[in-house]
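Content type mmCIF, C-alpha atoms and all ligand atoms, from the file run19.cif:
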data_input
loop_
_atom_site.label_atom_id
_atom_site.label_comp_id
_atom_site.auth_asym_id
_atom_site.auth_seq_id
_atom_site.Cartn_x
_atom_site.Cartn_y
_atom_site.Cartn_z
CA MET A 3 -28.17 -50.49 -6.80
CA SER A 4 -29.86 -51.91 -3.76
CA ALA A 5 -31.34 -49.67 -1.12
CA GLN A 6 -28.74 -50.95 1.31
CA ASN A 7 -25.78 -49.91 -0.97
CA THR A 8 -27.27 -46.45 -1.52
CA PHE A 9 -27.53 -46.02 2.20
CA GLN A 10 -23.86 -47.01 2.67
CA ILE A 11 -22.67 -44.38 0.15
CA TYR A 12 -24.73 -41.61 1.76
CA ASP A 13 -23.34 -42.72 5.06
CA ARG A 14 -19.80 -41.91 3.85
CA ILE A 15 -20.55 -38.46 2.45
CA PRO A 16 -20.00 -36.57 5.72
CA GLN A 17 -16.50 -38.11 5.93
CA LEU A 18 -15.72 -37.03 2.37
CA LEU A 19 -16.97 -33.52 3.09
CA TYR A 20 -14.73 -33.21 6.13
CA LEU A 21 -11.49 -34.19 4.38
CA GLU A 22 -8.91 -31.72 5.61
CA ILE A 23 -7.58 -29.54 2.83
CA PRO A 24 -4.48 -27.59 3.86
CA PRO A 25 -4.89 -23.81 3.57
CA ARG A 26 -3.71 -22.34 0.27
CA SER A 27 -1.49 -19.25 0.21
CA ARG A 28 -2.44 -16.26 -1.93
CA LEU A 29 1.20 -15.82 -3.09
CA TYR A 30 3.81 -18.53 -3.64
CA PHE A 31 5.22 -20.27 -0.55
CA LEU A 32 8.66 -19.10 -1.71
CA GLU A 33 11.50 -20.19 0.53
CA PRO A 34 13.85 -17.38 1.63
CA ILE A 35 17.54 -17.91 0.86
CA GLY A 36 20.13 -18.51 3.59
CA THR A 37 17.95 -18.17 6.71
CA GLY A 38 20.02 -18.94 9.82
CA THR A 39 23.30 -18.00 8.12
CA PRO A 40 25.23 -14.69 7.84
CA PHE A 41 23.99 -14.49 4.23
CA THR A 42 20.27 -14.49 5.03
CA GLU A 43 18.24 -12.84 2.28
CA SER A 44 16.88 -9.33 2.97
CA ILE A 45 13.13 -8.66 3.02
CA SER A 46 13.42 -6.24 0.04
CA SER A 47 15.23 -8.96 -1.94
CA TYR A 48 12.55 -11.51 -1.00
CA LEU A 49 9.78 -9.14 -2.09
CA THR A 50 11.53 -8.54 -5.43
CA ARG A 51 12.13 -12.25 -5.98
CA LEU A 52 8.49 -13.00 -5.15
CA ALA A 53 7.39 -10.46 -7.78
CA GLN A 54 9.78 -12.05 -10.31
CA GLU A 55 8.39 -15.54 -9.54
CA HIS A 56 4.86 -14.24 -10.19
CA CYS A 57 6.09 -12.54 -13.41
CA VAL A 58 4.87 -9.09 -12.30
CA THR A 59 6.72 -5.88 -11.48
CA LEU A 60 7.51 -5.03 -7.90
CA GLN A 61 5.11 -2.09 -8.18
CA ASN A 62 2.29 -4.45 -9.23
CA ILE A 63 2.78 -6.89 -6.38
CA VAL A 64 2.98 -4.09 -3.80
CA MET A 65 -0.01 -2.09 -5.05
CA GLY A 66 -2.15 -5.11 -5.94
CA GLU A 67 -1.39 -7.55 -3.10
CA ILE A 68 0.65 -6.01 -0.27
CA ALA A 69 -1.09 -2.62 0.01
CA PRO A 70 -4.61 -4.06 0.54
CA VAL A 71 -3.29 -6.09 3.49
CA ILE A 72 -1.29 -3.20 4.97
CA LEU A 73 -4.07 -0.62 4.56
CA GLY A 74 -6.95 -2.95 5.47
CA ASP A 75 -10.30 -1.11 5.66
CA LYS A 76 -8.65 2.12 4.52
CA TYR A 77 -7.53 0.53 1.25
CA LYS A 78 -10.34 1.81 -1.00
CA GLN A 79 -10.34 5.27 0.54
CA GLU A 80 -6.56 5.82 0.62
CA MET A 81 -5.35 3.82 -2.36
CA PRO A 82 -5.87 6.53 -5.01
CA SER A 83 -3.44 8.82 -3.15
CA LYS A 84 -0.84 6.12 -2.53
CA ASN A 85 2.23 5.18 -4.52
CA LEU A 86 5.03 2.69 -3.96
CA SER A 87 7.02 5.06 -1.74
CA SER A 88 4.15 6.24 0.43
CA ILE A 89 3.08 2.65 1.16
CA PHE A 90 6.34 2.25 3.03
CA GLY A 91 6.00 5.55 4.83
CA ASN A 92 8.71 7.70 3.32
CA SER A 93 9.57 9.58 0.20
CA ASP A 94 12.04 7.20 -1.29
CA SER A 95 11.51 3.63 -0.05
CA LYS A 96 14.70 3.78 1.93
CA PRO A 97 16.61 0.51 2.29
CA ALA A 98 16.05 0.88 6.02
CA ILE A 99 13.03 -1.23 5.11
CA ASN A 100 15.47 -4.08 5.85
CA GLY A 101 16.09 -2.67 9.32
CA MET A 102 13.61 -2.50 12.20
CA ARG A 103 11.08 0.19 11.30
CA ASP A 104 7.36 -0.22 11.98
CA LYS A 105 6.87 -0.24 8.18
CA THR A 106 9.26 -3.19 8.01
CA LYS A 107 6.91 -4.98 10.40
CA SER A 108 3.85 -4.09 8.28
CA LEU A 109 5.53 -5.40 5.13
CA THR A 110 6.71 -8.58 6.86
CA LEU A 111 3.32 -9.37 8.39
CA ALA A 112 1.62 -8.76 5.04
CA LEU A 113 4.08 -11.08 3.27
CA GLU A 114 3.73 -13.75 5.96
CA GLN A 115 -0.06 -13.58 5.64
CA LEU A 116 0.03 -13.80 1.83
CA THR A 117 2.63 -16.57 1.59
CA LEU A 118 1.64 -18.41 4.82
CA ARG A 119 5.33 -18.47 5.80
CA GLN A 120 6.37 -17.82 9.41
CA ASP A 121 10.07 -17.19 8.83
CA LEU A 122 10.07 -13.90 6.92
CA ARG A 123 10.61 -11.85 10.10
CA TYR A 124 14.25 -12.97 10.07
CA LEU A 125 14.89 -11.30 6.69
CA SER A 126 15.15 -7.90 8.36
CA CYS A 127 16.38 -6.77 11.79
CA LEU A 128 12.92 -6.74 13.39
CA THR A 129 14.20 -9.21 16.00
CA TRP A 130 16.38 -6.42 17.36
CA GLN A 131 13.74 -3.69 17.54
CA GLY A 132 14.14 -1.96 20.92
CA ILE A 133 17.28 -3.99 21.70
CA ILE A 134 19.85 -2.64 19.20
CA LYS A 135 20.13 1.06 18.31
CA GLU A 136 18.86 1.63 14.77
CA LYS A 137 20.30 5.09 14.06
CA SER A 138 22.95 5.07 11.32
CA LEU A 139 23.00 1.28 11.25
CA PHE A 140 21.47 0.90 7.77
CA ARG A 141 22.29 2.23 4.30
CA GLN A 142 20.09 4.73 2.51
CA GLN A 143 20.70 3.01 -0.84
CA LYS A 144 21.66 -0.49 -1.92
CA ALA A 145 25.21 -1.85 -1.89
CA TRP A 146 26.20 -5.11 -3.56
CA CYS A 147 29.10 -7.39 -4.43
CA PRO A 148 29.42 -7.71 -8.23
CA LYS A 149 31.48 -10.87 -7.79
CA CYS A 150 28.73 -12.57 -5.76
CA PHE A 151 26.18 -11.76 -8.51
CA GLU A 152 28.55 -13.01 -11.19
CA GLN A 153 29.38 -16.21 -9.30
CA TRP A 154 25.74 -17.06 -8.54
CA GLN A 155 24.78 -16.49 -12.17
CA ARG A 156 27.62 -18.70 -13.40
CA GLU A 157 26.67 -21.45 -10.94
CA GLY A 158 22.99 -21.22 -11.88
CA LYS A 159 22.00 -20.12 -8.37
CA PRO A 160 19.23 -17.60 -7.69
CA ILE A 161 20.35 -13.97 -7.62
CA TYR A 162 19.49 -12.29 -4.32
CA GLU A 163 20.64 -9.60 -1.90
CA PRO A 164 21.85 -10.70 1.53
CA LEU A 165 20.65 -8.66 4.51
CA ILE A 166 24.27 -8.02 5.56
CA TRP A 167 24.73 -5.69 2.55
CA SER A 168 22.15 -3.33 4.10
CA PHE A 169 24.44 -2.42 6.99
CA ASN A 170 26.37 0.84 6.76
CA GLU A 171 29.47 -0.67 8.32
CA ILE A 172 29.79 -3.47 5.76
CA ASN A 173 32.00 -2.12 3.01
CA HIS A 174 33.56 -5.34 1.76
CA CYS A 175 32.13 -8.66 0.64
CA PRO A 176 32.94 -11.23 3.36
CA THR A 177 33.35 -13.90 0.65
CA HIS A 178 35.39 -12.09 -2.02
CA ASN A 179 37.05 -9.33 0.06
CA CYS A 180 36.30 -6.79 -2.70
CA ARG A 181 34.59 -3.47 -1.94
CA LEU A 182 30.82 -3.37 -2.18
CA VAL A 183 29.54 -1.21 -5.03
CA GLU A 184 26.85 1.49 -4.57
CA LYS A 185 26.29 2.81 -8.09
CA CYS A 186 25.53 1.26 -11.47
CA SER A 187 28.69 1.20 -13.59
CA ASN A 188 26.68 2.12 -16.69
CA CYS A 189 24.45 5.03 -15.61
CA ASP A 190 26.11 5.91 -12.28
CA SER A 191 22.78 5.75 -10.45
CA PRO A 192 22.40 4.64 -6.84
CA GLN A 193 19.81 1.88 -6.41
CA LYS A 194 16.75 2.03 -4.17
CA ALA A 195 15.95 -1.05 -2.07
CA ILE A 196 12.41 -0.97 -3.41
CA ALA A 197 11.82 0.52 -6.84
CA LYS A 198 8.97 0.13 -9.34
CA TYR A 199 11.03 -1.97 -11.71
CA SER A 200 13.48 -3.61 -9.29
CA ARG A 201 15.06 -6.71 -10.74
CA LEU A 202 17.66 -8.55 -8.70
CA GLY A 203 21.17 -8.14 -10.07
CA TYR A 204 20.16 -5.43 -12.57
CA CYS A 205 20.01 -1.61 -12.49
CA SER A 206 16.45 -0.49 -11.78
CA LEU A 207 16.73 2.99 -13.31
CA ARG A 208 14.04 4.06 -15.76
CA SER A 209 14.32 7.56 -17.11
CA LYS A 210 10.99 9.23 -17.81
CA LYS A 211 12.74 11.93 -19.83
CA LEU A 212 14.58 9.48 -22.04
CA GLY A 213 11.74 6.97 -21.95
CA SER A 214 14.36 4.27 -21.55
CA SER A 215 15.71 1.97 -18.89
CA CYS A 216 19.28 1.11 -18.00
CA GLN A 217 18.83 -2.52 -16.86
CA GLN A 218 22.61 -3.00 -16.72
CA TRP A 219 23.78 -6.30 -15.21
CA LEU A 220 25.40 -5.39 -11.88
CA GLY A 221 27.65 -8.42 -11.64
CA SER A 222 31.31 -8.36 -12.62
CA HIS A 223 34.55 -10.25 -12.17
CA ASN A 224 36.72 -7.25 -12.91
CA LEU A 225 37.29 -6.04 -9.40
CA ASP A 226 40.42 -6.01 -7.29
CA SER A 227 40.21 -8.05 -4.13
CA GLU A 228 41.54 -6.08 -1.20
CA ASN A 229 43.07 -8.75 0.94
CA LYS A 230 44.00 -6.33 3.68
CA ILE A 231 40.66 -5.69 5.29
CA GLY A 232 41.33 -4.16 8.71
CA ASP A 233 40.82 -6.24 11.85
CA GLU A 234 38.19 -3.84 13.08
CA GLU A 235 36.08 -4.12 9.92
CA ARG A 236 36.45 -7.90 9.94
CA GLN A 237 35.26 -8.04 13.56
CA ILE A 238 32.29 -5.81 12.76
CA THR A 239 31.43 -7.95 9.73
CA GLU A 240 31.61 -11.13 11.80
CA GLY A 241 29.57 -9.55 14.60
CA ILE A 242 26.81 -8.43 12.25
CA GLY A 243 26.87 -11.83 10.53
CA GLU A 244 26.37 -13.54 13.89
CA LEU A 245 23.55 -11.17 14.81
CA ILE A 246 21.74 -12.18 11.60
CA THR A 247 22.53 -15.88 12.09
CA VAL A 248 21.22 -16.23 15.65
CA ALA A 249 17.98 -14.26 15.19
CA PRO A 250 15.79 -17.33 14.40
CA THR A 251 16.97 -19.11 17.57
CA LEU A 252 16.01 -16.42 20.08
CA ASP A 253 13.17 -15.89 22.47
CA THR A 254 13.13 -12.12 22.04
CA ARG A 255 10.89 -11.52 25.07
CA ASN A 256 13.89 -11.95 27.36
CA THR A 257 16.77 -11.01 25.11
CA ARG A 258 17.14 -7.40 26.22
CA LYS A 259 16.87 -8.12 29.96
CA GLU A 260 19.38 -10.95 29.71
CA LEU A 261 21.78 -8.91 27.59
CA ILE A 262 21.82 -6.17 30.24
CA LYS A 263 22.60 -8.76 32.95
CA LYS A 264 25.43 -10.19 30.87
CA LEU A 265 26.88 -6.73 30.23
CA GLN A 266 26.78 -6.04 34.00
CA LEU A 267 28.72 -9.25 34.50
CA ILE A 268 31.29 -8.23 31.88
CA GLN A 269 31.63 -4.79 33.49
CA PHE A 270 32.37 -6.52 36.81
CA TRP A 271 35.14 -8.64 35.23
CA PHE A 272 36.65 -5.67 33.37
CA GLU A 273 36.83 -3.69 36.63
CA ARG A 274 38.50 -6.60 38.38
CA GLU A 275 41.01 -6.88 35.58
CA ILE A 276 42.00 -3.25 36.09
CA ARG A 277 42.15 -3.62 39.88
CA GLN A 278 44.53 -6.56 39.51
CA ASP A 279 46.79 -4.77 37.05
CA PHE A 280 46.39 -1.03 36.71
CA LYS A 281 48.17 -1.04 33.33
CA MET A 282 45.03 -2.72 31.95
CA LEU A 283 43.27 0.63 32.28
CA VAL A 284 44.76 1.55 28.89
CA ILE A 285 43.07 -1.44 27.27
CA PHE A 286 39.78 -1.63 29.17
CA GLY A 287 39.29 1.99 30.33
CA GLY A 288 37.56 3.50 27.27
CA ILE A 289 35.08 0.72 26.68
CA LEU A 290 34.45 0.36 30.41
CA GLU A 291 33.33 4.00 30.53
CA LYS A 292 30.89 3.38 27.66
CA LEU A 293 29.60 0.28 29.45
CA LYS A 294 29.01 2.24 32.66
CA ILE A 295 27.07 4.95 30.81
CA THR A 296 25.01 2.35 28.93
CA LEU A 297 24.17 0.40 32.05
CA GLY A 298 23.64 3.55 34.09
CA ARG A 299 21.77 6.50 32.73
CA ASN A 300 21.12 4.87 29.32
CA SER A 301 19.93 1.52 30.63
CA ASP A 302 16.47 1.92 29.08
CA LYS A 303 17.83 2.76 25.61
CA PRO A 304 18.68 0.37 22.76
CA LEU A 305 22.30 -0.83 22.71
CA ASP A 306 24.92 0.39 20.26
CA LEU A 307 26.05 -2.61 18.21
CA VAL A 308 29.13 -1.22 16.47
CA ASN A 309 30.52 1.05 19.20
CA LEU A 310 29.64 -0.99 22.24
CA LEU A 311 28.59 -4.64 21.84
CA ILE A 312 31.18 -5.65 19.24
CA PRO A 313 34.16 -3.95 21.02
CA VAL A 314 33.00 -5.39 24.38
CA CYS A 315 32.97 -8.88 22.85
CA LYS A 316 36.43 -8.34 21.41
CA LEU A 317 37.87 -7.36 24.81
CA ALA A 318 36.06 -10.19 26.58
CA LYS A 319 37.36 -12.57 23.88
CA ILE A 320 33.88 -13.87 23.12
CA THR A 321 31.79 -13.81 19.96
CA VAL A 322 28.61 -11.77 19.52
CA ALA A 323 26.75 -15.09 19.20
CA GLN A 324 28.13 -16.19 22.59
CA LEU A 325 27.08 -12.92 24.20
CA ILE A 326 23.55 -13.30 22.87
CA GLN A 327 23.00 -17.06 23.09
CA ASP A 328 24.96 -18.34 26.12
CA ASP A 329 23.23 -18.31 29.49
CA ILE A 330 24.77 -16.17 32.19
CA SER A 331 26.48 -19.01 34.13
CA THR A 332 28.12 -20.35 30.94
CA LEU A 333 29.28 -16.84 30.10
CA ALA A 334 30.72 -16.38 33.62
CA LYS A 335 32.81 -19.55 33.20
CA ILE A 336 34.08 -18.39 29.79
CA LEU A 337 34.98 -14.93 31.11
CA ARG A 338 36.85 -16.45 34.05
CA ILE A 339 39.04 -18.40 31.62
CA ASN A 340 39.39 -15.65 29.01
CA LEU A 341 40.29 -12.88 31.44
CA ARG A 342 42.48 -15.01 33.71
CA ILE A 343 40.66 -13.71 36.78
CA GLY A 344 39.63 -15.44 39.99
CA ASP A 345 42.74 -17.62 40.37
ZN ZN B 1 31.07 -11.31 -3.00
ZN ZN B 2 22.18 1.79 -14.59
#

Give the structure from this file in structure tokens form.
Amino acid sequence: MSAQNTFQIYDRIPQLLYLEIPPRSRLYFLEPIGTGTPFTESISSYLTRLAQEHCVTLQNIVMGEIAPVILGDKYKQEMPSKNLSSIFGNSDSKPAINGMRDKTKSLTLALEQLTLRQDLRYLSCLTWQGIIKEKSLFRQQKAWCPKCFEQWQREGKPIYEPLIWSFNEINHCPTHNCRLVEKCSNCDSPQKAIAKYSRLGYCSLRSKKLGSSCQQWLGSHNLDSENKIGDEERQITEGIGELITVAPTLDTRNTRKELIKKLQLIQFWFEREIRQDFKMLVIFGGILEKLKITLGRNSDKPLDLVNLLIPVCKLAKITVAQLIQDDISTLAKILRINLRIGD
């Protein structure tokens, strides 16, 4: 090799050294299921699926990967006293982990850091922290639709748990109309959202006394569909589904302020409706009172989804998605048409 050729190769080395290698994630870049739809996967389901993909138990992935990120510098000092439940800040790893707790945020940030994904925050209700009232909104144990599990298995689709099943008010599957189930049909045990041996679609119970596990498949076709789901439950189900669907599209910095303005506008139109026809007091009176209290002395508190926002939308003949996403002038035009006012 001539001296000139050698020089040319050395000349290229800096370029080779600076080739950009995309960052590698510590855990799989696993895509969540159904983001941007009413059937968005829950964060506890995602965590369980991630453990399954890595062929480890949920306990192993939490204690070995998630806990060091959540605890940071305190990891070595605190780890010996920690277990799966205490990592998530309560005695029983409540399914409210899919809600809007600070521990939900810790888990989500840890998972986003480890997988390098930016969309895991939509797998819980973190978007609504400080905007929607959390109390009583979420289940203490899992609920599931056996027909969904059965159908996904038959169709070869991944088994997962949609976030919508975590809500207390959702008692029926929106797809199959059957009641959601809360206990294993084999051992009668309720199911924790996060358990040591969680496996999606199967009972997670392991009895220390018996030294055995149930592991019953939780899917089934043998359920009666109740076709007469009440209007109120259907509206609540749709409202919650829309809340989950729109979360990835929002700029949450302004959501609360804008929601309050829109509710003030709706209050104005409801009052006009009553002034024009006093008989309307029967229809609008109750919810109008709640609106006044919310916008008055409770204006700094989170809003009640089930008892306020969803009924307000029903009376204003708008969807929850419209209330949240439409700008105020669009909403004013819609209300003018829907409430027949301003002629
Ligand atoms: Zn179903
Ligand atoms: Zn069981």

Which residue of A:Thr177, A:Asn224, A:Lys84, A:Arg338 approaches Pro70 of chain A most closely, using only C-alpha atoms: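 Looking at the shortest contact to Pro70 of chain A, the residue is A:Lys84.
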
Selection: 12 Å around segment 281-296 of chain A, all atoms listed in the file, excl. self and same-chain fewer than 3 positions, as a ChimeraX atom specification: /A:135,261-278,299-318,341

Among the residues A:Ala249, A:Ala334, A:Ile196, A:Ile161, the one that comes closest to ligand ZN 1 (chain B) [using all atoms listed in the file]: A:Ile161

With 8 Å of padding per side, what axis-aligned box (centre and edge lengths, Å, one decimal) covers all the listed atoms of segment 47-59 of chain A? Give it as JSON.
{"center_x": 10.0, "center_y": -10.7, "center_z": -7.2, "size_x": 26.4, "size_y": 25.7, "size_z": 28.4}

Close residues, Leu202 of chain A itself excluded, 9 Å, all atoms listed in the file, min 6 positions apart in chain, as a PyMOL selection string: chain A and resi 47+50-51+54+161-163+220
